Amino acid sequence: MVQVCVNGGRGSGDGALVPLSPGAMADSAAEAVAAGASDIHVHPKSPCGEDTLSPRAVAAALGGIRSRVSVPVGVTTGSWAEPDPAARVARVRDWSVLPDHASVNWHEPGAEEVAAALLERGVGVEAGIWSGTDGAARFTASPLGPRVLRVLAEVTDPDPATAEDTARRLLATLGPAHGRPVLLHGEDGGAWPVLRLAARLGLATRIGLEDTLFLPDGRRAVSNAQLVTEALTRYGAAPGPCGGRP
């Protein structure tokens, strides 16, 4: 499974190609799905282009994307979009349109409460476990662990020379991950090395303008669709550890 992360926390300063309006998100998501993406992760934006969990913004983003594609669509619940944990839970409970899934960063204060609120509403939880945090330890001890949709093993090491080793350490720390599927991805300079590792290990992965603005050869990407195409072309048939397809 290749998930496309269409915008992330990026804004207008990252280039005009980062989709910030509901219409632009929908267009970009549709192009990425046509290129082969099978799942979508999006950050709803305020009119000023900032990440937000407001019911109106979430509904607009989901409605626009779902009018164009039929694959699952998920959103962020990152603390930067709503720093107060209680307010974050309240936002989730106020959503009038529900995503198929939502990511919850397990190292953030209030993660358990946010995840519980999502599960109560029937929304799948992607447990975001960042390298360099205590997220893995918290998740391993969480009673909600067996109930999540999947684990997002998020490698925050941007160095292409060390990101793969960081990814392997993160996976080792996660262990069996409560038996849940794992989606492995990196960011910036580490995005492509970690995606390559995910292909070799037979794990789900993701790519998009949230994770990187550049192609493996250093050229600037022109769209999420181009990143998805590049990922599937280069790594969709990557040999597994014993020489076969992962």
# chains A, B, ... in the order shown; residues from 1 in each chain; ligands from 1
>>> residues_around(residues="stretch 75-87 of chain A", least_positions_apart="6", cutoff="7 Å", atoms="only C-alpha atoms", output="list in words")
His41, Val42, His43, Asp51, Thr52, Leu53, Pro99, His101, Ala102, Ser103, Val104, Asn105, Glu108, Pro109 and Gly110 of chain A
>>> select_by_dssp(residues="stretch 109-207 of chain A", states="helix (DSSP H, G or I)", output="PyMOL selection string")
chain A and resi 111-120+135-140+145-147+163-174+177-179+188-201
>>> residues_around(residues="stretch 156-158 of chain A", least_positions_apart="4", cutoff="12 Å", atoms="only C-alpha atoms", output="list in words")
Gly128, Ile129, Trp130, Ser131, Gly132, Thr133, Leu152, Thr162, Ala163, Glu164, Asp165, Thr166, Ala167, Arg168, Arg169, Leu170, Leu184, His185, Gly186, Glu187, Asp188, Gly189, Gly190, Ala191, Trp192, Pro193, Val194, Asp211 and Thr212 of chain A
>>> closest_residue(among="A:Ala90, A:Ala204, A:Val228, A:Leu144", to="A:Glu112", atoms="only C-alpha atoms")
A:Leu144
>>> residues_around(residues="A:Asp39", least_positions_apart="2", cutoff="7 Å", atoms="only C-alpha atoms", output="NGL selection string")
:A and (2-4 or 37 or 41 or 71-73)
>>> residues_around(residues="stretch 15-28 of chain A", least_positions_apart="2", cutoff="8 Å", atoms="only C-alpha atoms", output="ChimeraX atom specification")
/A:6-7,10-13,30-32,42,44-45,47,49,60-61,64-68,209,222-225
>>> atom_distance(atom1="atom CA of A:Ser96", atom2="atom CA of A:Val114")
16.4 Å
>>> closest_residue(among="A:Asp14, A:Pro143, A:Val69, A:Val89", to="A:Arg220", atoms="only C-alpha atoms")
A:Asp14
>>> select_by_dssp(residues="stretch 3-245 of chain A", states="strand (DSSP E or B)", output="number ranges by chain")
A: 3-5, 39-42, 45, 51, 73-76, 101-105, 124-130, 150-154, 182-185, 204-207, 214, 220
>>> write_last_selection(atoms="C-alpha atoms", output="short mmCIF file (atom, residue, chain, number, x, y, z; two decimals), in the first residue's frame")
data_model
loop_
_atom_site.label_atom_id
_atom_site.label_comp_id
_atom_site.auth_asym_id
_atom_site.auth_seq_id
_atom_site.Cartn_x
_atom_site.Cartn_y
_atom_site.Cartn_z
CA GLN A 3 -0.32 6.28 0.91
CA VAL A 4 0.00 9.80 -0.51
CA CYS A 5 0.53 12.62 2.01
CA ASP A 39 -4.80 5.81 0.55
CA ILE A 40 -4.70 9.54 1.34
CA HIS A 41 -3.37 11.54 4.28
CA VAL A 42 -4.23 15.25 4.32
CA LYS A 45 -6.08 24.12 6.38
CA ASP A 51 -3.16 23.30 9.90
CA VAL A 73 -8.96 9.45 3.37
CA GLY A 74 -7.32 10.32 6.67
CA VAL A 75 -6.40 13.53 8.49
CA THR A 76 -3.88 14.65 11.08
CA HIS A 101 -8.77 7.32 9.72
CA ALA A 102 -6.72 9.90 11.60
CA SER A 103 -3.11 9.91 12.72
CA VAL A 104 -2.32 10.32 16.41
CA ASN A 105 1.28 11.01 17.42
CA GLY A 124 -9.59 4.31 12.41
CA VAL A 125 -6.46 5.36 14.29
CA GLU A 126 -3.02 5.51 12.71
CA ALA A 127 -0.58 5.42 15.64
CA GLY A 128 2.23 7.81 14.72
CA ILE A 129 5.46 6.59 16.30
CA TRP A 130 8.28 9.06 15.65
CA ARG A 150 -2.05 0.56 11.76
CA VAL A 151 1.22 1.95 13.04
CA LEU A 152 2.94 4.80 11.24
CA ALA A 153 6.65 4.29 11.85
CA GLU A 154 7.81 7.84 11.14
CA VAL A 182 3.18 -1.07 9.96
CA LEU A 183 3.53 1.76 7.44
CA LEU A 184 7.15 2.95 7.29
CA HIS A 185 8.15 6.33 5.88
CA ALA A 204 3.32 -0.30 3.45
CA THR A 205 4.79 3.15 2.85
CA ARG A 206 3.88 6.67 1.88
CA ILE A 207 5.19 9.53 -0.21
CA PHE A 214 12.29 16.35 -4.27
CA ARG A 220 12.13 19.32 -7.45
#
>>> closest_residue(among="A:Arg138, A:Arg56, A:Arg121, A:His178", to="A:Asp100", atoms="only C-alpha atoms")
A:Arg121
>>> atom_distance(atom1="atom CA of A:Leu174", atom2="atom CA of A:Arg196")
19.4 Å
>>> decode(residues="stretch 55-94 of chain A", atoms="N, CA and C atoms", output="PDB file, in the first residue's frame")
ATOM      1  N   PRO A  55     -14.077  21.681  12.587  1.00  0.00           N
ATOM      2  CA  PRO A  55     -15.043  20.866  11.841  1.00  0.00           C
ATOM      3  C   PRO A  55     -15.284  21.370  10.424  1.00  0.00           C
ATOM      4  N   ARG A  56     -15.340  22.692  10.254  1.00  0.00           N
ATOM      5  CA  ARG A  56     -15.604  23.237   8.918  1.00  0.00           C
ATOM      6  C   ARG A  56     -14.477  22.894   7.953  1.00  0.00           C
ATOM      7  N   ALA A  57     -13.229  23.066   8.394  1.00  0.00           N
ATOM      8  CA  ALA A  57     -12.093  22.783   7.512  1.00  0.00           C
ATOM      9  C   ALA A  57     -11.978  21.292   7.213  1.00  0.00           C
ATOM     10  N   VAL A  58     -12.188  20.458   8.231  1.00  0.00           N
ATOM     11  CA  VAL A  58     -12.125  19.005   8.033  1.00  0.00           C
ATOM     12  C   VAL A  58     -13.203  18.564   7.048  1.00  0.00           C
ATOM     13  N   ALA A  59     -14.417  19.073   7.211  1.00  0.00           N
ATOM     14  CA  ALA A  59     -15.514  18.708   6.306  1.00  0.00           C
ATOM     15  C   ALA A  59     -15.230  19.148   4.881  1.00  0.00           C
ATOM     16  N   ALA A  60     -14.677  20.353   4.728  1.00  0.00           N
ATOM     17  CA  ALA A  60     -14.388  20.858   3.384  1.00  0.00           C
ATOM     18  C   ALA A  60     -13.317  20.020   2.697  1.00  0.00           C
ATOM     19  N   ALA A  61     -12.265  19.698   3.435  1.00  0.00           N
ATOM     20  CA  ALA A  61     -11.190  18.897   2.839  1.00  0.00           C
ATOM     21  C   ALA A  61     -11.683  17.506   2.456  1.00  0.00           C
ATOM     22  N   LEU A  62     -12.388  16.853   3.381  1.00  0.00           N
ATOM     23  CA  LEU A  62     -12.882  15.501   3.110  1.00  0.00           C
ATOM     24  C   LEU A  62     -13.916  15.493   1.990  1.00  0.00           C
ATOM     25  N   GLY A  63     -14.827  16.460   2.015  1.00  0.00           N
ATOM     26  CA  GLY A  63     -15.855  16.508   0.987  1.00  0.00           C
ATOM     27  C   GLY A  63     -15.270  16.705  -0.403  1.00  0.00           C
ATOM     28  N   GLY A  64     -14.293  17.602  -0.499  1.00  0.00           N
ATOM     29  CA  GLY A  64     -13.676  17.831  -1.795  1.00  0.00           C
ATOM     30  C   GLY A  64     -12.957  16.608  -2.323  1.00  0.00           C
ATOM     31  N   ILE A  65     -12.175  15.968  -1.464  1.00  0.00           N
ATOM     32  CA  ILE A  65     -11.410  14.796  -1.901  1.00  0.00           C
ATOM     33  C   ILE A  65     -12.342  13.628  -2.230  1.00  0.00           C
ATOM     34  N   ARG A  66     -13.331  13.402  -1.390  1.00  0.00           N
ATOM     35  CA  ARG A  66     -14.230  12.268  -1.632  1.00  0.00           C
ATOM     36  C   ARG A  66     -15.103  12.451  -2.865  1.00  0.00           C
ATOM     37  N   SER A  67     -15.260  13.679  -3.307  1.00  0.00           N
ATOM     38  CA  SER A  67     -16.005  13.895  -4.550  1.00  0.00           C
ATOM     39  C   SER A  67     -15.208  13.462  -5.772  1.00  0.00           C
ATOM     40  N   ARG A  68     -13.911  13.213  -5.566  1.00  0.00           N
ATOM     41  CA  ARG A  68     -13.035  12.875  -6.693  1.00  0.00           C
ATOM     42  C   ARG A  68     -12.481  11.456  -6.635  1.00  0.00           C
ATOM     43  N   VAL A  69     -12.387  10.875  -5.432  1.00  0.00           N
ATOM     44  CA  VAL A  69     -11.768   9.550  -5.300  1.00  0.00           C
ATOM     45  C   VAL A  69     -12.610   8.689  -4.365  1.00  0.00           C
ATOM     46  N   SER A  70     -12.385   7.380  -4.411  1.00  0.00           N
ATOM     47  CA  SER A  70     -13.124   6.449  -3.549  1.00  0.00           C
ATOM     48  C   SER A  70     -12.220   5.698  -2.583  1.00  0.00           C
ATOM     49  N   VAL A  71     -10.934   6.071  -2.492  1.00  0.00           N
ATOM     50  CA  VAL A  71     -10.019   5.407  -1.560  1.00  0.00           C
ATOM     51  C   VAL A  71     -10.172   6.024  -0.172  1.00  0.00           C
ATOM     52  N   PRO A  72      -9.683   5.349   0.881  1.00  0.00           N
ATOM     53  CA  PRO A  72      -9.779   5.919   2.233  1.00  0.00           C
ATOM     54  C   PRO A  72      -9.022   7.237   2.344  1.00  0.00           C
ATOM     55  N   VAL A  73      -9.569   8.133   3.161  1.00  0.00           N
ATOM     56  CA  VAL A  73      -8.963   9.452   3.373  1.00  0.00           C
ATOM     57  C   VAL A  73      -8.798   9.682   4.870  1.00  0.00           C
ATOM     58  N   GLY A  74      -7.596  10.056   5.270  1.00  0.00           N
ATOM     59  CA  GLY A  74      -7.322  10.324   6.670  1.00  0.00           C
ATOM     60  C   GLY A  74      -6.784  11.724   6.883  1.00  0.00           C
ATOM     61  N   VAL A  75      -6.865  12.190   8.130  1.00  0.00           N
ATOM     62  CA  VAL A  75      -6.398  13.530   8.486  1.00  0.00           C
ATOM     63  C   VAL A  75      -5.433  13.442   9.669  1.00  0.00           C
ATOM     64  N   THR A  76      -4.770  14.552   9.924  1.00  0.00           N
ATOM     65  CA  THR A  76      -3.883  14.651  11.077  1.00  0.00           C
ATOM     66  C   THR A  76      -4.666  15.038  12.322  1.00  0.00           C
ATOM     67  N   THR A  77      -4.125  14.729  13.491  1.00  0.00           N
ATOM     68  CA  THR A  77      -4.591  15.322  14.748  1.00  0.00           C
ATOM     69  C   THR A  77      -3.381  15.896  15.485  1.00  0.00           C
ATOM     70  N   GLY A  78      -2.350  16.306  14.753  1.00  0.00           N
ATOM     71  CA  GLY A  78      -1.117  16.787  15.359  1.00  0.00           C
ATOM     72  C   GLY A  78      -1.338  17.924  16.333  1.00  0.00           C
ATOM     73  N   SER A  79      -0.548  17.943  17.402  1.00  0.00           N
ATOM     74  CA  SER A  79      -0.719  18.945  18.455  1.00  0.00           C
ATOM     75  C   SER A  79      -0.453  20.358  17.959  1.00  0.00           C
ATOM     76  N   TRP A  80       0.330  20.504  16.882  1.00  0.00           N
ATOM     77  CA  TRP A  80       0.567  21.843  16.351  1.00  0.00           C
ATOM     78  C   TRP A  80      -0.728  22.470  15.800  1.00  0.00           C
ATOM     79  N   ALA A  81      -1.679  21.621  15.391  1.00  0.00           N
ATOM     80  CA  ALA A  81      -2.953  22.135  14.883  1.00  0.00           C
ATOM     81  C   ALA A  81      -3.887  22.551  16.014  1.00  0.00           C
ATOM     82  N   GLU A  82      -3.703  21.957  17.185  1.00  0.00           N
ATOM     83  CA  GLU A  82      -4.493  22.299  18.386  1.00  0.00           C
ATOM     84  C   GLU A  82      -3.681  21.867  19.603  1.00  0.00           C
ATOM     85  N   PRO A  83      -2.898  22.804  20.185  1.00  0.00           N
ATOM     86  CA  PRO A  83      -1.950  22.412  21.243  1.00  0.00           C
ATOM     87  C   PRO A  83      -2.595  21.859  22.507  1.00  0.00           C
ATOM     88  N   ASP A  84      -3.779  22.327  22.882  1.00  0.00           N
ATOM     89  CA  ASP A  84      -4.393  21.880  24.128  1.00  0.00           C
ATOM     90  C   ASP A  84      -5.043  20.512  23.937  1.00  0.00           C
ATOM     91  N   PRO A  85      -4.626  19.503  24.700  1.00  0.00           N
ATOM     92  CA  PRO A  85      -5.169  18.155  24.506  1.00  0.00           C
ATOM     93  C   PRO A  85      -6.680  18.070  24.654  1.00  0.00           C
ATOM     94  N   ALA A  86      -7.243  18.760  25.651  1.00  0.00           N
ATOM     95  CA  ALA A  86      -8.692  18.710  25.844  1.00  0.00           C
ATOM     96  C   ALA A  86      -9.417  19.342  24.668  1.00  0.00           C
ATOM     97  N   ALA A  87      -8.868  20.429  24.150  1.00  0.00           N
ATOM     98  CA  ALA A  87      -9.479  21.076  22.986  1.00  0.00           C
ATOM     99  C   ALA A  87      -9.373  20.189  21.755  1.00  0.00           C
ATOM    100  N   ARG A  88      -8.280  19.428  21.665  1.00  0.00           N
ATOM    101  CA  ARG A  88      -8.113  18.505  20.532  1.00  0.00           C
ATOM    102  C   ARG A  88      -9.191  17.423  20.574  1.00  0.00           C
ATOM    103  N   VAL A  89      -9.444  16.879  21.744  1.00  0.00           N
ATOM    104  CA  VAL A  89     -10.506  15.877  21.888  1.00  0.00           C
ATOM    105  C   VAL A  89     -11.856  16.491  21.539  1.00  0.00           C
ATOM    106  N   ALA A  90     -12.087  17.710  21.996  1.00  0.00           N
ATOM    107  CA  ALA A  90     -13.362  18.382  21.706  1.00  0.00           C
ATOM    108  C   ALA A  90     -13.544  18.586  20.205  1.00  0.00           C
ATOM    109  N   ARG A  91     -12.471  18.928  19.527  1.00  0.00           N
ATOM    110  CA  ARG A  91     -12.545  19.094  18.072  1.00  0.00           C
ATOM    111  C   ARG A  91     -12.978  17.788  17.408  1.00  0.00           C
ATOM    112  N   VAL A  92     -12.341  16.698  17.799  1.00  0.00           N
ATOM    113  CA  VAL A  92     -12.682  15.396  17.221  1.00  0.00           C
ATOM    114  C   VAL A  92     -14.156  15.081  17.451  1.00  0.00           C
ATOM    115  N   ARG A  93     -14.649  15.370  18.635  1.00  0.00           N
ATOM    116  CA  ARG A  93     -16.041  15.067  18.951  1.00  0.00           C
ATOM    117  C   ARG A  93     -17.018  15.988  18.220  1.00  0.00           C
ATOM    118  N   ASP A  94     -16.511  17.141  17.751  1.00  0.00           N
ATOM    119  CA  ASP A  94     -17.365  18.091  17.040  1.00  0.00           C
ATOM    120  C   ASP A  94     -17.360  17.900  15.523  1.00  0.00           C
TER     121      ASP A  94
END
